[in-house]
Every structure is written in C-alpha cells, then in structure tokens.
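Enquirer: Below you'll find the structure I mean.
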Amino acid sequence: MARGFLDHLAVERGAAANTLAAYRRDLARYVTWLGDRGRTDIAEVTEPDVAEHLASLREGDPPRGHPPLAAASAARALVAVRGLHRFAVREGLAPVDASAAVRPPAPPRRLP
C-alpha cells in the first residue's frame, strides 16, 4: 500500500529523492506502529489511530531507537500519513480518510 503511494509520488507528482526518502521512513514507521496495534488493512484505521500515532511521534519510542520528534518533523510525518490515506480513498482501498480531521502540531512560537 505505502509502496503504491510512493510510486505515485515519484511518477505522477515527480517528488524529489529526498522527499521520497523522508516519506518512506515516515510511512515505514507508521505501518509498523499500525501493525503493532493489529491494524493490517488501511480500511481498518480510524481517526483516533492517526491521532495516537501523531502523539507517539511527539513522545518518541526509545526501545525502538526513535527519539521524540520536534513539531515540524511530526508535522511532516503527518503530511505523509495524510497523503497515504487520501491515496487509499482515491484508489478505493479505504471508505473514508481517517486522517482528514487530524491536525499537525503547532510549531513553537519564536520571539522576534
């Protein structure tokens, strides 16, 4: 599933190699996270699943060697996940986009 989405990005959208590499890492982490929770089909994923994944990115996963992500990095990972879900709906692999209502974390405000 994620491979089809990455192929779509490379061929139809002409995504850069670095973008594809980042999305590949983000989606591999997402698919592993879903698998750990018994979700093997994209159609089974719910909005709370996506929100919990985002929260887990911000908290990190030290046993797997994943430190907590900054807001900007977590937002980029969420963009990859949202793209995957939109792709799944367009391809008829999922009835609804479970990620549509999940918003990325706000980056910290910087002083002028």
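In the structure tokens, the first chain shown is A, the next is B, and so on; residue numbers restart at 1 for each chain, and ligands run from 1 in the order shown.
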Could you list, as a PyMOL selection string, every residue within 9 Å of Ala22 in chain A, counting only C-alpha atoms and ignoring same-chain residues fewer than 6 positions away?

Expert: chain A and resi 76-77+80

Enquirer: Quick one: residues within 10 Å of range 105-108 of chain A, only C-alpha atoms counted, chain neighbours fewer than 6 positions away excluded, as a list in words?

Expert: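 Once the adjacent positions are removed, what remains is Leu54, Ala55, Arg58, Ala70, Ala71, Ala72, Ser73, Ala74, Ala75, Arg76 and Leu78 of chain A.
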
Enquirer: Mind dumping the selected residues with N, CA and C atoms as a PDB file, in the first residue's frame?

Expert:
ATOM      1  N   LEU A  54       0.346  10.254  15.911  1.00  0.00           N
ATOM      2  CA  LEU A  54       0.957  11.576  15.990  1.00  0.00           C
ATOM      3  C   LEU A  54       1.473  11.839  17.401  1.00  0.00           C
ATOM      4  N   ALA A  55       0.673  11.508  18.403  1.00  0.00           N
ATOM      5  CA  ALA A  55       1.107  11.689  19.792  1.00  0.00           C
ATOM      6  C   ALA A  55       2.338  10.842  20.089  1.00  0.00           C
ATOM      7  N   ARG A  58       5.520  12.484  18.888  1.00  0.00           N
ATOM      8  CA  ARG A  58       5.970  13.576  19.760  1.00  0.00           C
ATOM      9  C   ARG A  58       6.582  13.041  21.058  1.00  0.00           C
ATOM     10  N   ALA A  70      10.431  16.760  16.910  1.00  0.00           N
ATOM     11  CA  ALA A  70      10.043  18.158  17.041  1.00  0.00           C
ATOM     12  C   ALA A  70       8.717  18.351  16.309  1.00  0.00           C
ATOM     13  N   ALA A  71       8.043  19.445  16.602  1.00  0.00           N
ATOM     14  CA  ALA A  71       6.742  19.714  15.994  1.00  0.00           C
ATOM     15  C   ALA A  71       6.826  19.705  14.470  1.00  0.00           C
ATOM     16  N   ALA A  72       7.861  20.305  13.902  1.00  0.00           N
ATOM     17  CA  ALA A  72       7.987  20.373  12.443  1.00  0.00           C
ATOM     18  C   ALA A  72       8.184  18.982  11.837  1.00  0.00           C
ATOM     19  N   SER A  73       8.976  18.143  12.484  1.00  0.00           N
ATOM     20  CA  SER A  73       9.203  16.788  11.973  1.00  0.00           C
ATOM     21  C   SER A  73       7.952  15.928  12.101  1.00  0.00           C
ATOM     22  N   ALA A  74       7.247  16.073  13.213  1.00  0.00           N
ATOM     23  CA  ALA A  74       5.994  15.334  13.394  1.00  0.00           C
ATOM     24  C   ALA A  74       4.961  15.796  12.373  1.00  0.00           C
ATOM     25  N   ALA A  75       4.952  17.082  12.075  1.00  0.00           N
ATOM     26  CA  ALA A  75       4.017  17.608  11.069  1.00  0.00           C
ATOM     27  C   ALA A  75       4.337  17.024   9.699  1.00  0.00           C
ATOM     28  N   ARG A  76       5.617  16.924   9.352  1.00  0.00           N
ATOM     29  CA  ARG A  76       6.000  16.331   8.074  1.00  0.00           C
ATOM     30  C   ARG A  76       5.564  14.867   8.008  1.00  0.00           C
ATOM     31  N   LEU A  78       3.080  13.567   9.576  1.00  0.00           N
ATOM     32  CA  LEU A  78       1.619  13.561   9.430  1.00  0.00           C
ATOM     33  C   LEU A  78       1.212  13.864   7.990  1.00  0.00           C
TER      34      LEU A  78
END

Enquirer: I want to know what sits within 9 Å of range 7-19 of chain A, based on only C-alpha atoms, with residues of the same chain fewer than 5 positions away left out; could you give that as a PyMOL selection string?

Expert: chain A and resi 2+24+87

Enquirer: From a DSSP pass on the backbone, collect the residues of chain A flagged as helix (DSSP H, G or I) and hand them back as a PyMOL selection string.

Expert: chain A and resi 2-11+17-36+42-44+47-59+62-64+71-90

Enquirer: Can you build me a table of range 68-112 of chain A residues sitting at most 12 Å from range 39-46 of chain A, with the closest atom pair per residue and its distance in Å to one decimal, using only C-alpha atoms, sorted by chain and residue number, as CSV?

Expert:
residue,atom,partner,partner_atom,distance
A:Val81,CA,A:Ile42,CA,11.0
A:Arg82,CA,A:Ile42,CA,11.9
A:Leu84,CA,A:Ile42,CA,9.2
A:His85,CA,A:Ile42,CA,7.7
A:Arg86,CA,A:Ile42,CA,10.9
A:Phe87,CA,A:Ile42,CA,10.6
A:Ala88,CA,A:Ile42,CA,7.4
A:Val89,CA,A:Ala43,CA,8.8
A:Glu91,CA,A:Ile42,CA,11.5
A:Gly92,CA,A:Ala43,CA,9.4
A:Leu93,CA,A:Ala43,CA,6.4
A:Ala94,CA,A:Ala43,CA,4.3
A:Pro95,CA,A:Ala43,CA,6.6
A:Val96,CA,A:Ala43,CA,7.7
A:Asp97,CA,A:Thr46,CA,8.5
A:Ala98,CA,A:Thr46,CA,5.1
A:Ser99,CA,A:Thr46,CA,7.8
A:Ala100,CA,A:Thr46,CA,10.4
A:Ala101,CA,A:Thr46,CA,10.7
A:Val102,CA,A:Thr46,CA,10.6

Enquirer: Quick one, how far is CA of Glu52 in chain A from CA of Gly38 in chain A?

Expert: 14.1 Å

Enquirer: Of the residues A:Pro104, A:Gly83, A:Pro62, A:Pro67, which is the one nearest to Met1 in chain A, using only C-alpha atoms?

Expert: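 Smallest distance to Met1 in chain A is found for A:Gly83.
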
Enquirer: Name the closest residue to His66 in chain A among the candidates A:Arg25, A:Phe5, A:Leu20, A:Arg109; distances are taken between atoms, counting only C-alpha atoms.

Expert: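 With only C-alpha atoms as the atom set, the closest residue is A:Arg25.
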